[in-house]
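my_file33.cif follows (mmCIF, C-alpha atoms and all ligand atoms):
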```cif
data_model
loop_
_atom_site.label_atom_id
_atom_site.label_comp_id
_atom_site.auth_asym_id
_atom_site.auth_seq_id
_atom_site.Cartn_x
_atom_site.Cartn_y
_atom_site.Cartn_z
CA MET A 11 7.96 70.45 126.28
CA LYS A 12 11.59 69.32 126.24
CA LYS A 13 12.37 66.03 127.91
CA VAL A 14 15.34 65.47 130.20
CA THR A 15 16.54 61.96 131.02
CA LEU A 16 18.51 61.23 134.16
CA LEU A 17 20.57 58.15 133.38
CA ILE A 18 21.70 56.31 136.49
CA PRO A 19 23.69 53.07 136.38
CA VAL A 20 23.14 51.16 139.63
CA TYR A 21 25.01 48.24 141.08
CA ASN A 22 24.07 47.16 144.60
CA GLU A 23 22.74 50.58 145.52
CA GLU A 24 19.73 49.45 147.56
CA ALA A 25 20.79 51.68 150.42
CA SER A 26 21.36 54.84 148.35
CA LEU A 27 18.18 54.73 146.27
CA PRO A 28 15.64 56.26 148.70
CA ALA A 29 17.87 59.28 149.42
CA LEU A 30 18.68 59.61 145.72
CA TYR A 31 15.04 59.49 144.66
CA LYS A 32 14.15 62.15 147.21
CA ARG A 33 16.87 64.54 145.96
CA LEU A 34 15.89 63.87 142.35
CA THR A 35 12.20 64.60 142.94
CA GLU A 36 13.27 67.95 144.42
CA LEU A 37 15.27 68.60 141.28
CA MET A 38 12.37 67.64 139.01
CA ASP A 39 9.88 69.75 140.97
CA ARG A 40 12.18 72.76 140.74
CA ASN A 41 12.35 72.37 136.97
CA ALA A 42 8.74 71.61 136.16
CA ARG A 43 9.12 73.29 132.78
CA TYR A 44 10.71 70.06 131.53
CA GLU A 45 9.32 66.61 131.16
CA TRP A 46 11.48 64.16 133.13
CA GLU A 47 12.57 60.58 132.81
CA LEU A 48 14.50 58.68 135.47
CA LEU A 49 16.26 55.85 133.70
CA PHE A 50 17.88 53.32 136.00
CA ILE A 51 20.20 50.72 134.54
CA ASN A 52 20.40 47.85 136.97
CA ASP A 53 23.82 46.37 136.33
CA GLY A 54 23.17 42.88 137.70
CA SER A 55 22.86 43.91 141.35
CA SER A 56 22.79 41.07 143.83
CA ASP A 57 20.88 42.93 146.54
CA GLY A 58 17.34 44.35 146.55
CA THR A 59 18.11 47.17 144.10
CA LEU A 60 15.81 45.88 141.36
CA ASN A 61 12.84 45.55 143.72
CA GLU A 62 13.50 49.03 145.02
CA ILE A 63 13.44 50.39 141.46
CA ARG A 64 10.25 48.46 140.63
CA GLN A 65 8.64 50.00 143.68
CA LEU A 66 9.69 53.48 142.58
CA ARG A 67 8.19 52.80 139.16
CA GLY A 68 4.97 51.59 140.79
CA ASN A 69 4.49 55.02 142.34
CA ASP A 70 6.02 57.22 139.68
CA LYS A 71 5.70 56.56 135.97
CA ARG A 72 8.61 58.89 135.20
CA VAL A 73 10.83 56.04 136.39
CA ASN A 74 11.98 53.63 133.67
CA TYR A 75 14.49 50.89 134.12
CA VAL A 76 16.58 48.48 132.14
CA ASN A 77 17.72 45.31 133.86
CA LEU A 78 20.94 43.80 132.53
CA SER A 79 21.27 40.03 132.60
CA ARG A 80 24.41 40.18 134.75
CA ASN A 81 27.00 42.67 135.97
CA PHE A 82 28.64 44.22 132.92
CA GLY A 83 30.40 47.12 134.62
CA LYS A 84 29.52 50.78 134.70
CA GLU A 85 30.99 51.62 131.28
CA THR A 86 28.76 49.09 129.55
CA ALA A 87 25.77 49.97 131.71
CA MET A 88 26.09 53.53 130.43
CA LEU A 89 25.90 52.33 126.82
CA ALA A 90 22.70 50.46 127.67
CA GLY A 91 21.46 53.73 129.10
CA PHE A 92 22.26 55.62 125.88
CA ASP A 93 20.33 52.98 123.94
CA TYR A 94 17.20 53.38 126.04
CA THR A 95 17.06 57.12 126.80
CA THR A 96 14.13 58.94 125.30
CA GLY A 97 14.96 62.51 126.36
CA ASP A 98 16.15 65.48 124.30
CA CYS A 99 19.13 65.48 126.58
CA CYS A 100 20.54 63.02 129.03
CA VAL A 101 22.31 63.55 132.34
CA VAL A 102 24.60 60.73 133.42
CA MET A 103 24.96 60.52 137.19
CA ASP A 104 26.01 58.08 139.91
CA ALA A 105 23.48 56.63 142.29
CA ASP A 106 25.47 57.37 145.42
CA LEU A 107 24.80 61.14 145.41
CA GLN A 108 28.47 61.92 144.96
CA ASP A 109 27.26 63.90 141.97
CA PRO A 110 25.05 66.62 143.48
CA PRO A 111 21.73 66.83 141.58
CA GLU A 112 21.70 70.59 142.26
CA LEU A 113 24.36 70.96 139.58
CA VAL A 114 21.89 69.79 136.95
CA ASP A 115 20.09 73.17 137.15
CA GLN A 116 23.28 74.84 135.95
CA MET A 117 23.81 72.21 133.28
CA LEU A 118 20.32 72.79 131.93
CA HIS A 119 21.02 76.50 131.81
CA TYR A 120 24.09 75.98 129.62
CA TRP A 121 22.24 73.42 127.51
CA GLU A 122 19.62 76.07 126.73
CA GLU A 123 22.49 78.34 125.71
CA GLY A 124 23.45 75.82 123.06
CA TYR A 125 26.20 73.70 124.58
CA ASP A 126 26.09 69.98 123.72
CA ASP A 127 28.19 68.42 126.45
CA ILE A 128 28.27 70.09 129.85
CA TYR A 129 30.62 68.20 132.13
CA ALA A 130 31.23 68.57 135.83
CA GLN A 131 34.82 69.01 136.90
CA ARG A 132 35.70 68.18 140.47
CA ARG A 133 37.56 70.74 142.53
CA ASN A 134 38.42 68.17 145.19
CA ARG A 135 38.17 64.41 144.92
CA GLY A 136 36.14 63.57 148.01
CA GLU A 137 37.37 61.05 150.54
CA GLU A 138 40.28 59.37 148.82
CA SER A 139 43.64 58.15 149.92
CA TRP A 140 46.73 60.18 149.09
CA LEU A 141 48.12 57.33 147.00
CA ARG A 142 44.98 56.93 144.92
CA ARG A 143 44.83 60.65 144.21
CA LYS A 144 48.49 60.80 143.18
CA LEU A 145 48.19 57.69 141.01
CA SER A 146 45.10 58.91 139.27
CA LEU A 147 46.61 62.33 138.53
CA SER A 148 49.77 60.84 137.06
CA PHE A 149 47.62 58.49 135.01
CA TYR A 150 45.82 61.44 133.44
CA LYS A 151 49.14 63.10 132.65
CA LEU A 152 50.38 59.93 130.96
CA LEU A 153 47.15 59.53 129.01
CA GLN A 154 47.23 63.12 127.86
CA ARG A 155 50.71 62.63 126.45
CA MET A 156 49.90 59.39 124.71
CA SER A 157 46.64 60.09 122.97
CA ARG A 158 45.92 62.79 120.49
CA ILE A 159 42.61 63.73 122.07
CA ASP A 160 42.51 65.72 125.28
CA ILE A 161 41.22 63.73 128.18
CA LEU A 162 40.46 66.11 131.00
CA PRO A 163 41.67 65.31 134.52
CA ASN A 164 39.19 65.32 137.38
CA VAL A 165 36.26 64.97 135.03
CA GLY A 166 34.05 61.96 135.61
CA ASP A 167 31.01 60.69 133.83
CA PHE A 168 28.69 63.23 135.49
CA ARG A 169 27.53 65.39 132.59
CA LEU A 170 24.64 66.53 130.47
CA LEU A 171 24.65 65.32 126.88
CA ASP A 172 22.52 66.70 124.11
CA ARG A 173 20.56 64.09 122.16
CA ARG A 174 22.96 64.25 119.24
CA CYS A 175 25.86 63.33 121.55
CA VAL A 176 23.81 60.39 122.79
CA LEU A 177 23.04 59.27 119.26
CA THR A 178 26.73 59.51 118.36
CA LEU A 179 27.79 57.56 121.45
CA ARG A 180 25.29 54.84 120.53
CA ARG A 181 27.27 54.24 117.38
CA LEU A 182 30.51 53.61 119.30
CA ARG A 183 29.89 49.99 120.22
CA GLU A 184 33.31 48.78 121.26
CA HIS A 185 33.47 46.14 123.96
CA GLU A 186 36.31 47.45 126.02
CA ARG A 187 34.82 50.77 126.81
CA TYR A 188 36.55 53.78 128.23
CA THR A 189 33.66 56.19 128.15
CA LYS A 190 35.63 59.18 129.44
CA GLY A 191 37.77 58.94 126.31
CA LEU A 192 34.70 58.53 124.11
CA PHE A 193 33.09 61.70 125.50
CA CYS A 194 36.19 63.61 124.43
CA TRP A 195 36.49 61.81 121.12
CA ILE A 196 33.02 62.75 119.89
CA GLY A 197 33.78 66.44 120.21
CA TYR A 198 30.83 68.89 119.96
CA ARG A 199 30.52 72.07 121.99
CA LYS A 200 31.71 71.45 125.51
CA LYS A 201 31.43 73.42 128.71
CA GLY A 202 32.87 72.60 132.12
CA ILE A 203 31.43 73.49 135.50
CA VAL A 204 33.47 73.14 138.66
CA PHE A 205 31.99 71.46 141.71
CA ASP A 206 32.95 69.84 144.99
CA ARG A 207 32.49 66.12 144.95
CA GLY A 208 30.95 64.77 148.15
CA ASN A 209 31.19 61.37 149.74
CA ARG A 210 28.90 58.40 149.26
CA VAL A 211 25.59 58.54 151.16
CA ALA A 212 25.54 54.79 151.72
CA GLY A 213 27.22 51.56 150.70
CA HIS A 214 30.80 51.56 149.52
CA SER A 215 32.62 52.10 146.26
CA SER A 216 32.88 49.00 144.13
CA TRP A 217 36.24 50.06 142.74
CA ASN A 218 39.32 48.48 144.17
CA PHE A 219 42.92 49.02 143.20
CA LEU A 220 42.97 46.19 140.67
CA LYS A 221 39.80 47.39 138.93
CA LEU A 222 41.24 50.90 138.74
CA LEU A 223 44.51 49.60 137.30
CA ASN A 224 42.51 47.72 134.68
CA LEU A 225 40.56 50.85 133.86
CA ALA A 226 43.81 52.74 133.48
CA ILE A 227 45.23 50.17 131.03
CA GLU A 228 41.86 50.23 129.29
CA GLY A 229 42.05 53.99 129.05
CA ILE A 230 45.48 54.00 127.49
CA THR A 231 45.11 51.08 125.10
CA SER A 232 41.64 52.05 123.90
CA SER A 233 42.48 55.63 123.06
CA SER A 234 46.07 55.40 121.87
CA THR A 235 48.55 53.14 120.12
CA ALA A 236 51.52 54.98 121.63
CA PRO A 237 52.61 52.01 123.78
CA LEU A 238 53.25 50.02 120.60
CA ARG A 239 55.51 52.80 119.43
CA ILE A 240 57.26 52.88 122.80
CA ALA A 241 58.02 49.18 122.38
CA THR A 242 59.44 49.90 118.93
CA VAL A 243 61.60 52.74 120.22
CA CYS A 244 62.90 50.65 123.13
CA GLY A 245 63.78 47.86 120.73
CA LEU A 246 65.57 50.28 118.47
CA VAL A 247 67.56 51.85 121.30
CA CYS A 248 68.57 48.39 122.52
CA ALA A 249 69.60 47.24 119.05
CA VAL A 250 71.71 50.34 118.40
CA SER A 251 73.44 50.27 121.79
CA SER A 252 74.19 46.56 121.54
CA PHE A 253 75.66 47.14 118.07
CA ILE A 254 77.95 49.83 119.45
CA TYR A 255 78.86 47.58 122.35
CA ALA A 256 79.65 44.76 119.92
CA ILE A 257 82.04 46.95 117.95
CA TYR A 258 83.73 48.07 121.16
CA PHE A 259 84.09 44.47 122.21
CA LEU A 260 85.45 43.38 118.84
CA VAL A 261 88.09 46.09 118.87
CA LYS A 262 89.03 45.29 122.45
CA THR A 263 89.41 41.57 121.69
CA LEU A 264 91.53 42.28 118.62
CA LEU A 265 93.83 44.61 120.52
CA TYR A 266 94.17 42.86 123.87
CA GLY A 267 93.15 39.27 123.11
CA ASP A 268 90.26 37.35 124.62
CA GLN A 269 89.87 37.26 128.37
CA ALA A 270 86.94 35.21 129.60
CA ALA A 271 85.74 37.99 131.83
CA GLY A 272 82.45 39.85 131.66
CA PHE A 273 80.17 37.16 132.97
CA PRO A 274 78.07 39.59 135.08
CA THR A 275 77.63 41.88 132.09
CA LEU A 276 76.35 38.95 130.10
CA ILE A 277 73.76 38.03 132.69
CA ILE A 278 72.60 41.63 133.06
CA VAL A 279 72.20 42.05 129.32
CA ILE A 280 70.28 38.79 128.99
CA LEU A 281 67.95 39.69 131.84
CA PHE A 282 67.43 43.21 130.57
CA LEU A 283 66.66 42.13 127.03
CA GLY A 284 64.44 39.28 128.23
CA GLY A 285 62.45 41.66 130.38
CA LEU A 286 62.12 44.16 127.60
CA GLN A 287 60.92 41.51 125.19
CA LEU A 288 58.32 40.19 127.59
CA PHE A 289 57.13 43.72 128.29
CA SER A 290 56.78 44.47 124.58
CA LEU A 291 54.99 41.19 123.99
CA GLY A 292 52.59 42.11 126.78
CA ILE A 293 51.85 45.43 125.10
CA ILE A 294 51.22 43.75 121.76
CA GLY A 295 49.10 41.19 123.60
CA GLU A 296 46.88 43.96 124.97
CA TYR A 297 46.04 45.06 121.46
CA VAL A 298 45.71 41.55 120.05
CA GLY A 299 43.31 40.73 122.88
CA ARG A 300 41.26 43.75 121.97
CA ILE A 301 41.13 42.68 118.33
CA PHE A 302 40.09 39.19 119.44
CA LEU A 303 37.23 40.52 121.55
CA GLU A 304 35.96 42.80 118.83
CA THR A 305 36.08 40.18 116.07
CA LYS A 306 33.64 37.99 117.98
CA ARG A 307 30.98 40.60 117.28
CA ARG A 308 28.98 39.82 120.37
CA PRO A 309 26.44 42.31 121.63
CA VAL A 310 28.08 44.58 124.18
CA TYR A 311 25.49 43.79 126.86
CA ILE A 312 22.36 41.71 127.30
CA ALA A 313 19.27 43.48 128.58
CA SER A 314 16.80 41.13 130.21
CA GLU A 315 14.03 43.54 131.08
CA TYR A 316 12.80 46.98 130.11
CA ASN A 317 10.20 48.18 132.58
CA GLU A 318 7.64 45.38 132.76
CA THR A 319 8.63 43.84 129.42
CA LYS A 320 10.86 40.79 129.43
CA LEU A 321 13.50 41.03 126.71
CA GLY A 322 15.43 38.32 124.91
CA TYR A 323 12.60 36.64 122.98
CA GLU A 324 13.13 38.74 119.86
CA GLU A 325 14.73 36.65 117.10
N1 LIG B 1 28.24 50.88 138.98
C1 LIG B 1 27.69 50.04 138.00
N2 LIG B 1 28.30 48.85 137.72
C2 LIG B 1 29.45 48.44 138.36
C3 LIG B 1 30.01 49.31 139.32
C4 LIG B 1 29.39 50.51 139.61
O1 LIG B 1 26.67 50.37 137.40
O2 LIG B 1 29.93 47.35 138.06
C5 LIG B 1 27.59 52.17 139.29
C6 LIG B 1 27.33 52.41 140.77
O3 LIG B 1 26.10 51.88 141.18
C7 LIG B 1 27.33 53.93 140.84
C8 LIG B 1 28.33 54.32 139.78
O4 LIG B 1 28.44 53.20 138.90
O5 LIG B 1 26.07 54.47 140.51
C9 LIG B 1 29.67 54.70 140.36
O6 LIG B 1 30.16 53.64 141.15
P1 LIG B 1 31.03 53.89 142.45
O7 LIG B 1 30.35 54.88 143.34
O8 LIG B 1 31.29 52.53 143.02
O9 LIG B 1 32.35 54.48 141.84
P2 LIG B 1 33.20 55.75 142.37
O10 LIG B 1 32.23 56.82 142.79
O11 LIG B 1 34.02 55.24 143.49
O12 LIG B 1 34.01 56.15 141.17
MG MG B 2 30.74 56.74 143.93
#
```
Re-express the file's structure as C-alpha cells.
Ligand code: UDP
Ligand code: MG
Amino acid sequence: MKKVTLLIPVYNEEASLPALYKRLTELMDRNARYEWELLFINDGSSDGTLNEIRQLRGNDKRVNYVNLSRNFGKETAMLAGFDYTTGDCCVVMDADLQDPPELVDQMLHYWEEGYDDIYAQRRNRGEESWLRRKLSLSFYKLLQRMSRIDILPNVGDFRLLDRRCVLTLRRLREHERYTKGLFCWIGYRKKGIVFDRGNRVAGHSSWNFLKLLNLAIEGITSSSTAPLRIATVCGLVCAVSSFIYAIYFLVKTLLYGDQAAGFPTLIIVILFLGGLQLFSLGIIGEYVGRIFLETKRRPVYIASEYNETKLGYEE
C-alpha cells in the first residue's frame, strides 16, 4: 500500500487544529486505499498547539509530530518536515484550511498518472487588501525577470511532491530559504491545478508587511544575482554620463572662462551618486550576509522532539 504524508507546519494554530483534523480524517477515509501519515511540524508555538497535537496523537497513531526548539519560520519548518516524512509522496499544506483538503484527491489522481510535483494555483487570493495583492503580483513579475528559473505567480506551498522531490529538497540545506523558488529549481514533471483559496478558519495570519518584504528580498537574492548586475550597470551609466559631462564642462570653461555657478548641480550630483553608492553597497551586503550565514555551517533548525522521543542527546 502506498503511503501519503500530509505535512503541516503549525505556528500558534491551536484554534484551527480541531477543524483541520476533522476535514483531514474525511479526506483519509475517502482515500482508504492509501496508508496515511499526518506530520505536524510545531514551529515553536507559544499557545496550546503542541498539547493539541499530542492529544491527536494519543487517539490516532497516524499522527506524527516534530517539535522545533523555537520558531524558525515556515520555510525552515517545511525542511524539517521533508526530513521526517515517511510517505511515498508528501502533501504540504497550511493548518488554517486555506488550502482545501478536497484538492488532495485530484492531486493523488495526477500523482498516479506519473506527475512528480502537483501544485495548486490560486484563482483568487482570498481576503487580501488591494495593496497587498498589487505588491505581490509586481513582485512575481520582477522575480520572473531576474531569475533564470520560472517562479509561478499565485502558486503557494500547497502541493503534492513525489518522494524523489522530497529527497532532492532535503539536499538543499541553505539557511535563507525561499522554498517556492526551490520547488521550481528542482524541476521534475509538474502539473498545476487551479483552485479558489478560502479564508482562515480561525486565528490570524502571522505575516505582516515587514515579514512579506523580507520574504520578497529573500526570494530575489536567493534565486538570482541580477541585482548585483544592476548595481554594475548603474555604476557604468553614471561613470559614462559624468565623463561626458566633464568634457562638456571642460570645453565650456575653455571657451567662456570659469564662472563659479552650478552649485545646485554639484549638490544634486553628490546626493545622487551618494545614494546610488549606498544602494549598491546594500545590495552587495545582502549577498555578503548570505555568505556569512552559510559559512557558519549551523544546522538549519533544531528539532527538540519527534513524537514521544526527546531529541538533542545524540552526539
Ligand atoms: N507558520 C509556521 N511558522 C511561522 C509562520 C507560519 O509554521 O513562523 C505556518 C502556519 O501555522 C500555517 C502556515 O505556516 O500553517 C501559513 O501561515 P499563515 O496562514 O500565517 O500564512 P498565509 O496563509 O497568510 O500566507
Ligand atoms: Mg494562511
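As for atom O1 of ligand LIG 1 (chain B) and atom CA of Ser55 of chain A, they are spaced 8.5 Å apart.
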Would you tabulate, counting all atoms listed in the file, all residues of segment 140-196 of chain A that have an atom at most 7 Å from an atom of segment 89-110 of chain A, showing the closest pair of atoms and their distance in Å to one decimal, sorted by chain then ascending number, as a Markdown table?
```
| residue | atom | partner | partner_atom | distance |
| --- | --- | --- | --- | --- |
| A:Asp167 | CA | A:Val102 | CA | 6.4 |
| A:Phe168 | CA | A:Met103 | CA | 4.9 |
| A:Arg169 | CA | A:Val101 | CA | 5.5 |
| A:Leu170 | CA | A:Val101 | CA | 4.2 |
| A:Leu171 | CA | A:Cys100 | CA | 5.2 |
| A:Asp172 | CA | A:Cys99 | CA | 4.4 |
| A:Arg173 | CA | A:Cys99 | CA | 4.8 |
| A:Val176 | CA | A:Phe92 | CA | 5.9 |
| A:Arg180 | CA | A:Phe92 | CA | 6.2 |
```
I'd like to know which of A:Ser314, A:Gln287, A:Asn164, A:Gln116 is closest to ligand LIG 1 (chain B), using all atoms listed in the file. A:Asn164
Let me make sure I understand: among A:Glu315, A:Pro19, A:Met88, A:Arg72, which one has the smallest atom-to-atom distance to Leu182 of chain A if we use all atoms listed in the file? A:Met88
Just how far from atom CA of Gly202 of chain A is atom CA of Arg143 of chain A, in Å to one decimal? 20.8 Å
Between chain A and ligand LIG 1 (chain B), at 8 Å or less, what are the per-residue closest atom pairs and their distances in Å? Count all atoms listed in the file, order by chain and rising residue number, and return it as JSON lines.
```
{"residue": "A:Ile18", "atom": "CA", "partner": "B:LIG1", "partner_atom": "O5", "distance": 6.2}
{"residue": "A:Pro19", "atom": "CA", "partner": "B:LIG1", "partner_atom": "O1", "distance": 4.1}
{"residue": "A:Val20", "atom": "CA", "partner": "B:LIG1", "partner_atom": "O3", "distance": 3.4}
{"residue": "A:Tyr21", "atom": "CA", "partner": "B:LIG1", "partner_atom": "O3", "distance": 3.8}
{"residue": "A:Asn22", "atom": "CA", "partner": "B:LIG1", "partner_atom": "O3", "distance": 6.2}
{"residue": "A:Glu23", "atom": "CA", "partner": "B:LIG1", "partner_atom": "O3", "distance": 5.6}
{"residue": "A:Ile51", "atom": "CA", "partner": "B:LIG1", "partner_atom": "O1", "distance": 7.1}
{"residue": "A:Asn52", "atom": "CA", "partner": "B:LIG1", "partner_atom": "O1", "distance": 6.8}
{"residue": "A:Asp53", "atom": "CA", "partner": "B:LIG1", "partner_atom": "O1", "distance": 5.0}
{"residue": "A:Gly54", "atom": "CA", "partner": "B:LIG1", "partner_atom": "N2", "distance": 7.9}
{"residue": "A:Asn81", "atom": "CA", "partner": "B:LIG1", "partner_atom": "O2", "distance": 5.9}
{"residue": "A:Phe82", "atom": "CA", "partner": "B:LIG1", "partner_atom": "O2", "distance": 6.2}
{"residue": "A:Gly83", "atom": "CA", "partner": "B:LIG1", "partner_atom": "O2", "distance": 3.5}
{"residue": "A:Lys84", "atom": "CA", "partner": "B:LIG1", "partner_atom": "N2", "distance": 3.8}
{"residue": "A:Glu85", "atom": "CA", "partner": "B:LIG1", "partner_atom": "N2", "distance": 7.5}
{"residue": "A:Ala87", "atom": "CA", "partner": "B:LIG1", "partner_atom": "O1", "distance": 5.8}
{"residue": "A:Met88", "atom": "CA", "partner": "B:LIG1", "partner_atom": "O1", "distance": 7.7}
{"residue": "A:Met103", "atom": "CA", "partner": "B:LIG1", "partner_atom": "O5", "distance": 7.0}
{"residue": "A:Asp104", "atom": "CA", "partner": "B:LIG1", "partner_atom": "O5", "distance": 3.7}
{"residue": "A:Ala105", "atom": "CA", "partner": "B:LIG1", "partner_atom": "O5", "distance": 3.8}
{"residue": "A:Asp106", "atom": "CA", "partner": "B:LIG1", "partner_atom": "O5", "distance": 5.7}
{"residue": "A:Gln108", "atom": "CA", "partner": "B:LIG1", "partner_atom": "O10", "distance": 6.7}
{"residue": "A:Arg210", "atom": "CA", "partner": "B:LIG1", "partner_atom": "O7", "distance": 7.0}
{"residue": "A:His214", "atom": "CA", "partner": "B:LIG1", "partner_atom": "O8", "distance": 6.6}
{"residue": "A:Ser215", "atom": "CA", "partner": "B:LIG1", "partner_atom": "O8", "distance": 3.5}
{"residue": "A:Ser216", "atom": "CA", "partner": "B:LIG1", "partner_atom": "O8", "distance": 4.0}
{"residue": "A:Trp217", "atom": "CA", "partner": "B:LIG1", "partner_atom": "O8", "distance": 5.5}
```
Atomic distance atom CA of Val279 of chain A - atom CA of Thr235 of chain A, expressed in Å with one decimal: 27.7 Å
Would you kindly return, as a ChimeraX atom specification, each protein, DNA or RNA residue with an atom no farther than 6 Å from any atom of segment 195-201 of chain A, considering only C-alpha atoms and excluding same-chain residues fewer than 4 positions away? /A:125-128
